[in-house]
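Heads up, target28.cif below (mmCIF, C-alpha atoms):
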```cif
data_run
#
loop_
_atom_site.group_PDB
_atom_site.id
_atom_site.type_symbol
_atom_site.label_atom_id
_atom_site.label_comp_id
_atom_site.auth_asym_id
_atom_site.auth_seq_id
_atom_site.Cartn_x
_atom_site.Cartn_y
_atom_site.Cartn_z
ATOM 1 C CA MET A 1 -6.086 35.189 -6.032
ATOM 2 C CA THR A 2 -9.176 33.371 -4.774
ATOM 3 C CA LEU A 3 -9.329 29.586 -4.971
ATOM 4 C CA SER A 4 -12.550 27.971 -6.143
ATOM 5 C CA THR A 5 -14.791 26.490 -3.462
ATOM 6 C CA THR A 6 -16.995 24.631 -5.926
ATOM 7 C CA PRO A 7 -16.872 20.852 -5.349
ATOM 8 C CA SER A 8 -15.292 18.912 -8.182
ATOM 9 C CA PRO A 9 -17.551 16.528 -10.113
ATOM 10 C CA LEU A 10 -16.913 12.892 -9.319
ATOM 11 C CA GLY A 11 -16.709 11.567 -12.861
ATOM 12 C CA ARG A 12 -15.468 8.013 -13.455
ATOM 13 C CA VAL A 13 -14.271 6.449 -10.208
ATOM 14 C CA LEU A 14 -12.450 3.103 -10.258
ATOM 15 C CA ILE A 15 -12.855 1.209 -6.968
ATOM 16 C CA THR A 16 -10.952 -1.927 -6.040
ATOM 17 C CA GLY A 17 -12.696 -4.258 -3.623
ATOM 18 C CA GLY A 18 -15.957 -2.700 -4.771
ATOM 19 C CA SER A 19 -18.151 -5.755 -4.254
ATOM 20 C CA SER A 20 -18.220 -5.676 -0.457
ATOM 21 C CA GLY A 21 -17.465 -3.656 2.643
ATOM 22 C CA LEU A 22 -16.084 -0.157 2.264
ATOM 23 C CA GLY A 23 -15.534 -0.594 -1.465
ATOM 24 C CA ALA A 24 -19.207 -1.353 -2.066
ATOM 25 C CA ALA A 25 -20.234 1.548 0.160
ATOM 26 C CA VAL A 26 -18.004 3.885 -1.860
ATOM 27 C CA ALA A 27 -19.408 2.581 -5.138
ATOM 28 C CA HIS A 28 -22.989 3.192 -3.999
ATOM 29 C CA ALA A 29 -22.081 6.643 -2.674
ATOM 30 C CA VAL A 30 -20.397 7.596 -5.947
ATOM 31 C CA ALA A 31 -23.457 6.511 -7.936
ATOM 32 C CA GLU A 32 -25.851 8.357 -5.612
ATOM 33 C CA ALA A 33 -23.732 11.510 -5.978
ATOM 34 C CA GLY A 34 -23.942 11.380 -9.758
ATOM 35 C CA GLY A 35 -20.577 9.783 -10.488
ATOM 36 C CA THR A 36 -19.829 6.612 -12.430
ATOM 37 C CA PRO A 37 -18.420 3.778 -10.300
ATOM 38 C CA ALA A 38 -16.248 1.125 -11.939
ATOM 39 C CA ILE A 39 -15.467 -2.016 -9.963
ATOM 40 C CA ILE A 40 -12.469 -4.339 -9.732
ATOM 41 C CA ASP A 41 -12.895 -7.341 -7.427
ATOM 42 C CA LEU A 42 -12.500 -11.104 -7.407
ATOM 43 C CA ASP A 43 -16.261 -11.527 -7.873
ATOM 44 C CA VAL A 44 -18.163 -8.742 -9.625
ATOM 45 C CA SER A 45 -21.393 -10.648 -10.252
ATOM 46 C CA ALA A 46 -23.266 -8.335 -7.860
ATOM 47 C CA TRP A 47 -22.625 -5.490 -10.302
ATOM 48 C CA HIS A 48 -23.941 -7.286 -13.385
ATOM 49 C CA ASP A 49 -25.819 -4.740 -15.520
ATOM 50 C CA ARG A 50 -25.403 -2.115 -12.793
ATOM 51 C CA ALA A 51 -21.881 -0.798 -13.340
ATOM 52 C CA VAL A 52 -18.747 -1.333 -15.368
ATOM 53 C CA ALA A 53 -16.885 -4.121 -13.597
ATOM 54 C CA GLN A 54 -13.868 -6.344 -14.164
ATOM 55 C CA ALA A 55 -13.010 -9.479 -12.185
ATOM 56 C CA ALA A 56 -9.359 -9.468 -11.129
ATOM 57 C CA ASP A 57 -7.061 -10.473 -8.283
ATOM 58 C CA VAL A 58 -5.382 -7.200 -7.328
ATOM 59 C CA SER A 59 -2.307 -9.072 -6.095
ATOM 60 C CA ASP A 60 -1.682 -10.092 -9.728
ATOM 61 C CA ARG A 61 -0.205 -7.077 -11.528
ATOM 62 C CA ALA A 62 -1.025 -8.406 -15.005
ATOM 63 C CA GLN A 63 -4.681 -8.895 -14.072
ATOM 64 C CA VAL A 64 -4.838 -5.386 -12.625
ATOM 65 C CA GLU A 65 -3.298 -3.843 -15.721
ATOM 66 C CA TYR A 66 -5.777 -5.658 -17.962
ATOM 67 C CA ALA A 67 -8.755 -4.681 -15.804
ATOM 68 C CA VAL A 68 -7.775 -1.013 -15.578
ATOM 69 C CA ALA A 69 -7.175 -0.817 -19.323
ATOM 70 C CA ALA A 70 -10.539 -2.459 -20.058
ATOM 71 C CA ILE A 71 -12.397 -0.087 -17.733
ATOM 72 C CA ALA A 72 -10.639 2.979 -19.153
ATOM 73 C CA GLU A 73 -11.485 1.901 -22.685
ATOM 74 C CA GLU A 74 -15.144 1.261 -21.878
ATOM 75 C CA LEU A 75 -15.614 4.534 -19.981
ATOM 76 C CA GLY A 76 -13.345 6.675 -22.119
ATOM 77 C CA GLY A 77 -10.986 7.350 -19.230
ATOM 78 C CA ILE A 78 -10.665 7.303 -15.433
ATOM 79 C CA ASP A 79 -10.985 10.364 -13.213
ATOM 80 C CA ALA A 80 -10.312 8.870 -9.787
ATOM 81 C CA VAL A 81 -9.167 5.685 -8.065
ATOM 82 C CA VAL A 82 -10.116 4.344 -4.624
ATOM 83 C CA THR A 83 -8.053 1.352 -3.500
ATOM 84 C CA ALA A 84 -10.387 -0.379 -1.043
ATOM 85 C CA ALA A 85 -9.428 -4.027 -1.643
ATOM 86 C CA GLY A 86 -7.958 -5.551 1.496
ATOM 87 C CA ILE A 87 -7.484 -8.798 3.440
ATOM 88 C CA ASP A 88 -5.922 -9.896 6.712
ATOM 89 C CA ARG A 89 -4.340 -12.987 8.245
ATOM 90 C CA CYS A 90 -4.027 -12.844 12.033
ATOM 91 C CA GLY A 91 -1.634 -14.745 14.272
ATOM 92 C CA ARG A 92 1.920 -14.824 15.487
ATOM 93 C CA LEU A 93 4.498 -14.513 12.732
ATOM 94 C CA GLU A 94 5.663 -18.111 13.157
ATOM 95 C CA ASP A 95 2.084 -19.411 13.044
ATOM 96 C CA VAL A 96 0.850 -17.668 9.887
ATOM 97 C CA ASP A 97 1.651 -19.608 6.727
ATOM 98 C CA ALA A 98 4.274 -17.678 4.762
ATOM 99 C CA THR A 99 2.233 -17.775 1.560
ATOM 100 C CA GLU A 100 -0.803 -16.333 3.350
ATOM 101 C CA TRP A 101 1.341 -13.669 5.066
ATOM 102 C CA GLU A 102 2.782 -12.587 1.742
ATOM 103 C CA ARG A 103 -0.680 -12.559 0.136
ATOM 104 C CA VAL A 104 -1.727 -9.835 2.596
ATOM 105 C CA ILE A 105 1.161 -7.717 1.327
ATOM 106 C CA GLY A 106 0.232 -8.624 -2.250
ATOM 107 C CA VAL A 107 -3.391 -7.532 -1.930
ATOM 108 C CA ASN A 108 -3.154 -4.591 0.444
ATOM 109 C CA LEU A 109 0.111 -2.946 -0.579
ATOM 110 C CA LEU A 110 1.140 -4.239 -3.999
ATOM 111 C CA GLY A 111 -2.483 -4.238 -5.187
ATOM 112 C CA THR A 112 -2.691 -0.559 -4.267
ATOM 113 C CA VAL A 113 0.543 0.196 -6.096
ATOM 114 C CA SER A 114 -0.393 -1.795 -9.210
ATOM 115 C CA THR A 115 -3.801 -0.159 -9.485
ATOM 116 C CA VAL A 116 -2.449 3.358 -9.126
ATOM 117 C CA ARG A 117 0.406 2.694 -11.537
ATOM 118 C CA ALA A 118 -1.934 1.288 -14.179
ATOM 119 C CA ALA A 119 -4.390 4.178 -13.825
ATOM 120 C CA LEU A 120 -1.775 6.931 -13.605
ATOM 121 C CA PRO A 121 -1.696 7.934 -17.300
ATOM 122 C CA HIS A 122 -5.489 8.339 -17.305
ATOM 123 C CA LEU A 123 -5.525 10.278 -14.035
ATOM 124 C CA GLU A 124 -2.819 12.692 -15.105
ATOM 125 C CA ARG A 125 -4.727 13.701 -18.235
ATOM 126 C CA GLY A 126 -7.341 15.463 -16.137
ATOM 127 C CA HIS A 127 -5.626 16.133 -12.804
ATOM 128 C CA GLY A 128 -7.467 13.175 -11.285
ATOM 129 C CA ARG A 129 -7.502 11.926 -7.714
ATOM 130 C CA VAL A 130 -6.345 8.871 -5.791
ATOM 131 C CA VAL A 131 -7.740 7.799 -2.420
ATOM 132 C CA THR A 132 -5.751 5.000 -0.821
ATOM 133 C CA ILE A 133 -7.192 3.096 2.129
ATOM 134 C CA ALA A 134 -4.777 2.584 4.997
ATOM 135 C CA SER A 135 -5.932 1.745 8.539
ATOM 136 C CA SER A 136 -5.572 2.875 12.132
ATOM 137 C CA LEU A 137 -3.052 0.014 12.193
ATOM 138 C CA ALA A 138 -0.903 2.071 9.862
ATOM 139 C CA LEU A 139 -0.401 4.348 12.867
ATOM 140 C CA ARG A 140 -0.481 1.903 15.763
ATOM 141 C CA ALA A 141 1.100 -1.566 15.649
ATOM 142 C CA LEU A 142 -0.519 -4.519 17.386
ATOM 143 C CA PRO A 143 0.797 -8.021 18.135
ATOM 144 C CA GLU A 144 -0.335 -10.924 15.950
ATOM 145 C CA ALA A 145 -1.006 -8.486 13.109
ATOM 146 C CA THR A 146 2.420 -8.303 11.479
ATOM 147 C CA ALA A 147 1.174 -8.838 7.920
ATOM 148 C CA TYR A 148 -1.651 -6.329 8.141
ATOM 149 C CA CYS A 149 0.443 -3.697 9.923
ATOM 150 C CA ALA A 150 3.293 -4.117 7.442
ATOM 151 C CA SER A 151 0.908 -3.743 4.506
ATOM 152 C CA LYS A 152 -0.908 -0.701 5.877
ATOM 153 C CA PHE A 153 2.251 1.040 7.106
ATOM 154 C CA GLY A 154 3.434 0.460 3.539
ATOM 155 C CA VAL A 155 0.271 1.969 2.047
ATOM 156 C CA LEU A 156 0.730 5.067 4.199
ATOM 157 C CA GLY A 157 4.374 5.470 3.183
ATOM 158 C CA PHE A 158 3.612 4.828 -0.478
ATOM 159 C CA SER A 159 0.793 7.355 -0.451
ATOM 160 C CA ARG A 160 2.867 10.089 1.169
ATOM 161 C CA ALA A 161 5.639 9.557 -1.359
ATOM 162 C CA LEU A 162 3.138 9.464 -4.232
ATOM 163 C CA ALA A 163 1.614 12.745 -3.085
ATOM 164 C CA ALA A 164 5.054 14.372 -3.077
ATOM 165 C CA GLU A 165 5.973 12.866 -6.441
ATOM 166 C CA THR A 166 2.778 13.871 -8.243
ATOM 167 C CA ALA A 167 2.113 17.248 -6.609
ATOM 168 C CA GLY A 168 0.498 19.560 -9.139
ATOM 169 C CA ARG A 169 -0.434 16.657 -11.418
ATOM 170 C CA LEU A 170 -3.053 14.799 -9.384
ATOM 171 C CA GLY A 171 -4.519 14.692 -5.903
ATOM 172 C CA VAL A 172 -3.616 11.987 -3.389
ATOM 173 C CA THR A 173 -5.506 11.345 -0.145
ATOM 174 C CA THR A 174 -4.836 8.593 2.383
ATOM 175 C CA LEU A 175 -7.925 7.537 4.294
ATOM 176 C CA ILE A 176 -7.118 6.030 7.702
ATOM 177 C CA PRO A 177 -10.241 4.277 9.018
ATOM 178 C CA ALA A 178 -10.588 2.351 12.242
ATOM 179 C CA GLY A 179 -12.666 -0.832 12.348
ATOM 180 C CA MET A 180 -15.887 -0.973 10.336
ATOM 181 C CA GLN A 181 -19.069 -3.043 10.444
ATOM 182 C CA THR A 182 -18.309 -5.240 7.439
ATOM 183 C CA SER A 183 -17.706 -8.894 6.582
ATOM 184 C CA PHE A 184 -13.946 -8.248 6.860
ATOM 185 C CA PHE A 185 -13.792 -10.075 10.180
ATOM 186 C CA ASP A 186 -16.001 -13.039 9.217
ATOM 187 C CA ASP A 187 -13.255 -15.525 8.293
ATOM 188 C CA ARG A 188 -11.126 -14.836 11.379
ATOM 189 C CA PRO A 189 -10.803 -17.218 14.310
ATOM 190 C CA GLU A 190 -13.036 -16.126 17.176
ATOM 191 C CA GLN A 191 -10.191 -14.629 19.231
ATOM 192 C CA TYR A 192 -9.432 -12.159 16.425
ATOM 193 C CA ARG A 193 -12.984 -10.925 15.901
ATOM 194 C CA PRO A 194 -14.261 -7.683 17.427
ATOM 195 C CA ALA A 195 -16.079 -8.095 20.713
ATOM 196 C CA ALA A 196 -19.842 -7.736 20.744
ATOM 197 C CA ASP A 197 -19.525 -4.258 22.260
ATOM 198 C CA ALA A 198 -16.750 -3.121 19.891
ATOM 199 C CA GLN A 199 -17.013 0.402 18.531
ATOM 200 C CA LEU A 200 -17.140 0.022 14.746
ATOM 201 C CA ASN A 201 -17.909 2.539 12.026
ATOM 202 C CA ASP A 202 -20.714 2.191 9.508
ATOM 203 C CA PRO A 203 -18.926 1.886 6.126
ATOM 204 C CA ALA A 204 -21.498 4.245 4.611
ATOM 205 C CA ASN A 205 -20.198 6.975 6.935
ATOM 206 C CA VAL A 206 -16.609 6.247 5.934
ATOM 207 C CA ALA A 207 -17.643 6.350 2.265
ATOM 208 C CA ARG A 208 -18.859 9.904 2.831
ATOM 209 C CA ALA A 209 -15.316 10.804 3.843
ATOM 210 C CA VAL A 210 -14.043 9.319 0.577
ATOM 211 C CA LEU A 211 -16.481 11.501 -1.377
ATOM 212 C CA PHE A 212 -15.304 14.527 0.611
ATOM 213 C CA ALA A 213 -11.744 13.882 -0.543
ATOM 214 C CA LEU A 214 -12.782 13.195 -4.137
ATOM 215 C CA GLN A 215 -14.887 16.345 -4.371
ATOM 216 C CA GLN A 216 -12.330 18.837 -3.160
ATOM 217 C CA PRO A 217 -12.214 21.924 -5.380
ATOM 218 C CA PRO A 218 -9.229 22.421 -7.697
ATOM 219 C CA ARG A 219 -5.894 23.037 -5.941
ATOM 220 C CA SER A 220 -7.275 21.951 -2.577
ATOM 221 C CA GLU A 221 -6.086 18.631 -1.167
ATOM 222 C CA VAL A 222 -6.973 16.509 1.849
ATOM 223 C CA ARG A 223 -3.737 14.603 2.267
ATOM 224 C CA GLU A 224 -4.724 12.342 5.187
ATOM 225 C CA LEU A 225 -8.041 11.756 6.902
ATOM 226 C CA VAL A 226 -8.597 9.614 10.022
ATOM 227 C CA ILE A 227 -12.137 8.270 10.560
ATOM 228 C CA ALA A 228 -12.999 6.522 13.825
ATOM 229 C CA PRO A 229 -15.936 6.136 16.209
ATOM 230 C CA GLU A 230 -15.428 8.514 19.117
ATOM 231 C CA ASP A 231 -14.981 5.661 21.609
ATOM 232 C CA GLU A 232 -12.906 3.425 19.333
ATOM 233 C CA PRO A 233 -9.676 2.468 21.199
ATOM 234 C CA SER A 234 -7.272 2.002 18.274
ATOM 235 C CA TRP A 235 -6.966 5.780 17.880
ATOM 236 C CA PRO A 236 -4.553 7.217 18.733
#
```

Please go through the file and, once you have read it, give me the structure as structure tokens.
Amino acid sequence: MTLSTTPSPLGRVLITGGSSGLGAAVAHAVAEAGGTPAIIDLDVSAWHDRAVAQAADVSDRAQVEYAVAAIAEELGGIDAVVTAAGIDRCGRLEDVDATEWERVIGVNLLGTVSTVRAALPHLERGHGRVVTIASSLALRALPEATAYCASKFGVLGFSRALAAETAGRLGVTTLIPAGMQTSFFDDRPEQYRPAADAQLNDPANVARAVLFALQQPPRSEVRELVIAPEDEPSWP
């Protein structure tokens, strides 16, 4: 038996965090490749009249469920999900406000889970795909990053379990990117920002890796994919 090597069409791709950073890069890449991006983010005004979009806080399960249902109804279904929404709060555990620490878990981990859960019935109808976004800090722990590491280690564990649970019903890929040239670092104190000579990936290049996972031919899966600049020190 010979497996098909024809890339799968992208179809309708729901992207959380699609208004900035990696999420926006993925949305643009999906559109350029002939797919239909659908955006969930806190502010979706940038997508007005350009794509289906729903404003929602992914840490709020009810908001996520409403947004996913609205997008699925408008598009007639969902073929893939990319969970790119993410935040961080740096500092020693005792110095980070507990509410802010828990919000990192709410957005990065629980937001991923809520989005996938809400989209699951639509994805399973057509053997759809999920791409979760972890981090190099899902593989390597750093001090003063307990919230982010906990959330991304959680995303990696969730994704591996989801892949095992849904094998044969949908595809699951975990993307593990190192640092990227985005606004992600803008609200950090200076000591937690990348140095001027830091090796950071262009999010457009990382988005190409997402498309690679989404366009795998039937019965072929990329389970985990690490993307890093060759001189980037957080890998391995």

Edge lengths and centre in Å, axis-aligned, range 117-134 of chain A plus 3 Å each side, as lines of an AutoDock Vina configuration file:
```
center_x = -3.7
center_y = 8.7
center_z = -6.6
size_x = 14.1
size_y = 20.8
size_z = 29.2
```

Problem set entry | Answer key for the PyMOL selection byres ((chain A and resi 71) around 10), residues as a list in words |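 Output from the PyMOL selection byres ((chain A and resi 71) around 10), applied to this file: Arg12, Leu14, Ala38, Ile39, Ile40, Val52, Ala53, Gln54, Tyr66, Ala67, Val68, Ala69, Ala70, Ala72, Glu73, Glu74, Leu75, Gly76, Gly77, Ile78 and Ala119 of chain A.
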
Exercise. Closest to Asp88 in chain A among A:Lys152, A:Arg61, A:His48, A:Arg129, using all atoms listed in the file?
Worked result: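 Ranked by minimum distance to Asp88 in chain A, first place goes to A:Lys152.
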
Problem set entry | Who sits within 12 Å of Leu211 in chain A, all atoms listed in the file, same chain under 2 positions skipped, as a PyMOL selection string | chain A and resi 7-11+13+25-35+37+80-82+129-131+173+175+204-209+213-217+222+225

For this session: For each of A:Leu200, A:Leu142, A:Ala228, A:Val210, take the minimum atom-to-atom distance to Gly23 in chain A, counting only C-alpha atoms, then give the residue where this is smallest.
Result: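 Of A:Leu200, A:Leu142, A:Ala228, A:Val210, the one nearest Gly23 in chain A, counting only C-alpha atoms, is A:Val210.
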
For this session: Apply the PyMOL selection byres ((chain A and resi 56) around 8) to the structure shown and report the selected residues as a list in words.
Result: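 Selection result, ordered by chain and number: Ile40, Asp41, Leu42, Asp43, Gln54, Ala55, Asp57, Val58, Asp60, Gln63, Val64 and Ala67 of chain A.
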
Exercise. When you draw a straight line from CA of Thr112 in chain A to CA of Asn201 in chain A, how long is it in Å?
Worked result: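 So the answer is 22.5 Å.
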
Problem set entry | Contact residues around His127 in chain A with all atoms listed in the file at 7 Å, ignoring same-chain residues under 2 positions, as a VMD selection string | chain A and resid 123 to 125 129 169 to 170

Problem set entry | Residues matched by the PyMOL selection byres ((chain A and resi 133) around 7) as a ChimeraX atom specification | /A:83-84,131-132,134-135,174-176

Exercise. If you measure from CA of Gly179 in chain A to CA of Ser45 in chain A, what distance in Å do you get, rounded to one decimal?
Worked result: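 For CA of Gly179 in chain A relative to CA of Ser45 in chain A, the distance reads 26.1 Å.
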
For this session: Pick out the closest residue to Val116 in chain A from this set: A:Asp95, A:Cys90, A:Ala178, A:Gly128. Count only C-alpha atoms.
Result: A:Gly128

For this session: Give me, please, the distance in Å between CA of Pro203 in chain A and CA of Thr16 in chain A, quoted to one decimal.
Result: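 So the two atoms, CA of Pro203 in chain A and CA of Thr16 in chain A, lie 15.0 Å apart.
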
Using all atoms listed in the file, what residues lie at most 10 Å away from (3.3, -9.9, 10.8) (file coordinates), given as a PDB file with C-alpha atoms, in the coordinates of the input?
```pdb
ATOM      1  CA  ARG A  89      -4.340 -12.987   8.245  1.00  0.00           C
ATOM      2  CA  CYS A  90      -4.027 -12.844  12.033  1.00  0.00           C
ATOM      3  CA  GLY A  91      -1.634 -14.745  14.272  1.00  0.00           C
ATOM      4  CA  ARG A  92       1.920 -14.824  15.487  1.00  0.00           C
ATOM      5  CA  LEU A  93       4.498 -14.513  12.732  1.00  0.00           C
ATOM      6  CA  GLU A  94       5.663 -18.111  13.157  1.00  0.00           C
ATOM      7  CA  ASP A  95       2.084 -19.411  13.044  1.00  0.00           C
ATOM      8  CA  VAL A  96       0.850 -17.668   9.887  1.00  0.00           C
ATOM      9  CA  ALA A  98       4.274 -17.678   4.762  1.00  0.00           C
ATOM     10  CA  TRP A 101       1.341 -13.669   5.066  1.00  0.00           C
ATOM     11  CA  GLU A 102       2.782 -12.587   1.742  1.00  0.00           C
ATOM     12  CA  VAL A 104      -1.727  -9.835   2.596  1.00  0.00           C
ATOM     13  CA  ILE A 105       1.161  -7.717   1.327  1.00  0.00           C
ATOM     14  CA  ALA A 141       1.100  -1.566  15.649  1.00  0.00           C
ATOM     15  CA  LEU A 142      -0.519  -4.519  17.386  1.00  0.00           C
ATOM     16  CA  PRO A 143       0.797  -8.021  18.135  1.00  0.00           C
ATOM     17  CA  GLU A 144      -0.335 -10.924  15.950  1.00  0.00           C
ATOM     18  CA  ALA A 145      -1.006  -8.486  13.109  1.00  0.00           C
ATOM     19  CA  THR A 146       2.420  -8.303  11.479  1.00  0.00           C
ATOM     20  CA  ALA A 147       1.174  -8.838   7.920  1.00  0.00           C
ATOM     21  CA  TYR A 148      -1.651  -6.329   8.141  1.00  0.00           C
ATOM     22  CA  CYS A 149       0.443  -3.697   9.923  1.00  0.00           C
ATOM     23  CA  ALA A 150       3.293  -4.117   7.442  1.00  0.00           C
ATOM     24  CA  SER A 151       0.908  -3.743   4.506  1.00  0.00           C
TER      25      SER A 151
END
```

Exercise. Near Ser59 in chain A, within 8 Å and counting only C-alpha atoms, which residues show up once chain neighbours fewer than 4 positions away are dropped, as a list in words?
Worked result: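 Close residues of Ser59 in chain A: Val64, Arg103, Gly106, Val107, Asn108, Leu110 and Gly111 of chain A.
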
Residues just named, written with C-alpha atoms as a compact mmCIF listing (two decimals), in the coordinates of the input:
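So the final result, stored in part25.txt, reads:
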```
# COMPACT_ATOMS: atom_id res chain seq x y z
CA VAL A 64 -4.84 -5.39 -12.62
CA ARG A 103 -0.68 -12.56 0.14
CA GLY A 106 0.23 -8.62 -2.25
CA VAL A 107 -3.39 -7.53 -1.93
CA ASN A 108 -3.15 -4.59 0.44
CA LEU A 110 1.14 -4.24 -4.00
CA GLY A 111 -2.48 -4.24 -5.19
```

Exercise. Got a sec to check which residues sit within 12 Å of (4.5, 10.3, -5.6), counting only C-alpha atoms, and write them as a list in words?
Worked result: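 Those within range, by chain then number, are Val113, Val116, Arg117, Leu120, Val130, Leu156, Gly157, Phe158, Ser159, Arg160, Ala161, Leu162, Ala163, Ala164, Glu165, Thr166, Ala167, Gly168, Arg169, Leu170, Gly171, Val172 and Thr173 of chain A.
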
For this session: Return the single residue from A:Ala85, A:Ala62, A:Pro177, A:Ser114 that is closest to Ser136 in chain A, with distances computed using only C-alpha atoms.
Result: A:Pro177

Exercise. Of the candidates A:Ala118, A:Thr99, A:Asp79, A:Gln199, which shows the shortest atom-to-atom distance to Glu230 in chain A, using only C-alpha atoms?
Worked result: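 Closest candidate: A:Gln199.
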
Keeping N, CA and C atoms (and nothing else), can you write range 115-138 of chain A of this structure as a short mmCIF file (atom, residue, chain, number, x, y, z; two decimals), in the first residue's frame?
```cif
data_model
loop_
_atom_site.label_atom_id
_atom_site.label_comp_id
_atom_site.auth_asym_id
_atom_site.auth_seq_id
_atom_site.Cartn_x
_atom_site.Cartn_y
_atom_site.Cartn_z
N THR A 115 -10.06 25.71 23.62
CA THR A 115 -10.24 25.88 22.18
C THR A 115 -10.32 24.53 21.48
N VAL A 116 -9.41 23.64 21.81
CA VAL A 116 -9.43 22.32 21.19
C VAL A 116 -10.71 21.57 21.55
N ARG A 117 -11.10 21.62 22.81
CA ARG A 117 -12.32 20.91 23.22
C ARG A 117 -13.53 21.43 22.46
N ALA A 118 -13.64 22.75 22.34
CA ALA A 118 -14.80 23.33 21.67
C ALA A 118 -14.82 22.99 20.18
N ALA A 119 -13.64 22.90 19.57
CA ALA A 119 -13.57 22.64 18.13
C ALA A 119 -13.59 21.15 17.79
N LEU A 120 -13.41 20.30 18.78
CA LEU A 120 -13.22 18.87 18.53
C LEU A 120 -14.33 18.23 17.69
N PRO A 121 -15.61 18.48 17.97
CA PRO A 121 -16.64 17.84 17.14
C PRO A 121 -16.54 18.22 15.66
N HIS A 122 -16.17 19.46 15.38
CA HIS A 122 -16.02 19.90 13.99
C HIS A 122 -14.80 19.25 13.35
N LEU A 123 -13.70 19.17 14.09
CA LEU A 123 -12.48 18.59 13.55
C LEU A 123 -12.64 17.11 13.24
N GLU A 124 -13.34 16.40 14.10
CA GLU A 124 -13.46 14.96 13.93
C GLU A 124 -14.35 14.58 12.74
N ARG A 125 -15.19 15.50 12.30
CA ARG A 125 -16.04 15.20 11.14
C ARG A 125 -15.22 15.01 9.87
N GLY A 126 -14.09 15.67 9.78
CA GLY A 126 -13.29 15.58 8.56
C GLY A 126 -11.85 15.22 8.80
N HIS A 127 -11.56 14.51 9.89
CA HIS A 127 -10.18 14.17 10.24
C HIS A 127 -9.30 15.42 10.17
N GLY A 128 -9.69 16.44 10.95
CA GLY A 128 -8.98 17.70 10.95
C GLY A 128 -7.66 17.64 11.70
N ARG A 129 -7.06 18.82 11.87
CA ARG A 129 -5.74 18.89 12.50
C ARG A 129 -5.70 19.96 13.58
N VAL A 130 -4.87 19.71 14.57
CA VAL A 130 -4.60 20.65 15.66
C VAL A 130 -3.10 20.90 15.70
N VAL A 131 -2.72 22.17 15.76
CA VAL A 131 -1.32 22.54 16.01
C VAL A 131 -1.30 23.36 17.28
N THR A 132 -0.74 22.81 18.34
CA THR A 132 -0.58 23.56 19.58
C THR A 132 0.79 24.20 19.59
N ILE A 133 0.89 25.37 20.24
CA ILE A 133 2.15 26.10 20.29
C ILE A 133 2.71 25.99 21.71
N ALA A 134 3.79 25.24 21.83
CA ALA A 134 4.49 25.15 23.11
C ALA A 134 5.62 26.17 23.09
N SER A 135 6.81 25.80 23.46
CA SER A 135 7.94 26.71 23.54
C SER A 135 9.19 25.90 23.83
N SER A 136 10.36 26.46 23.52
CA SER A 136 11.59 25.81 23.96
C SER A 136 11.62 25.70 25.48
N LEU A 137 10.84 26.56 26.17
CA LEU A 137 10.75 26.46 27.62
C LEU A 137 9.73 25.42 28.07
N ALA A 138 9.25 24.63 27.15
CA ALA A 138 8.55 23.38 27.50
C ALA A 138 9.54 22.23 27.59
#
```
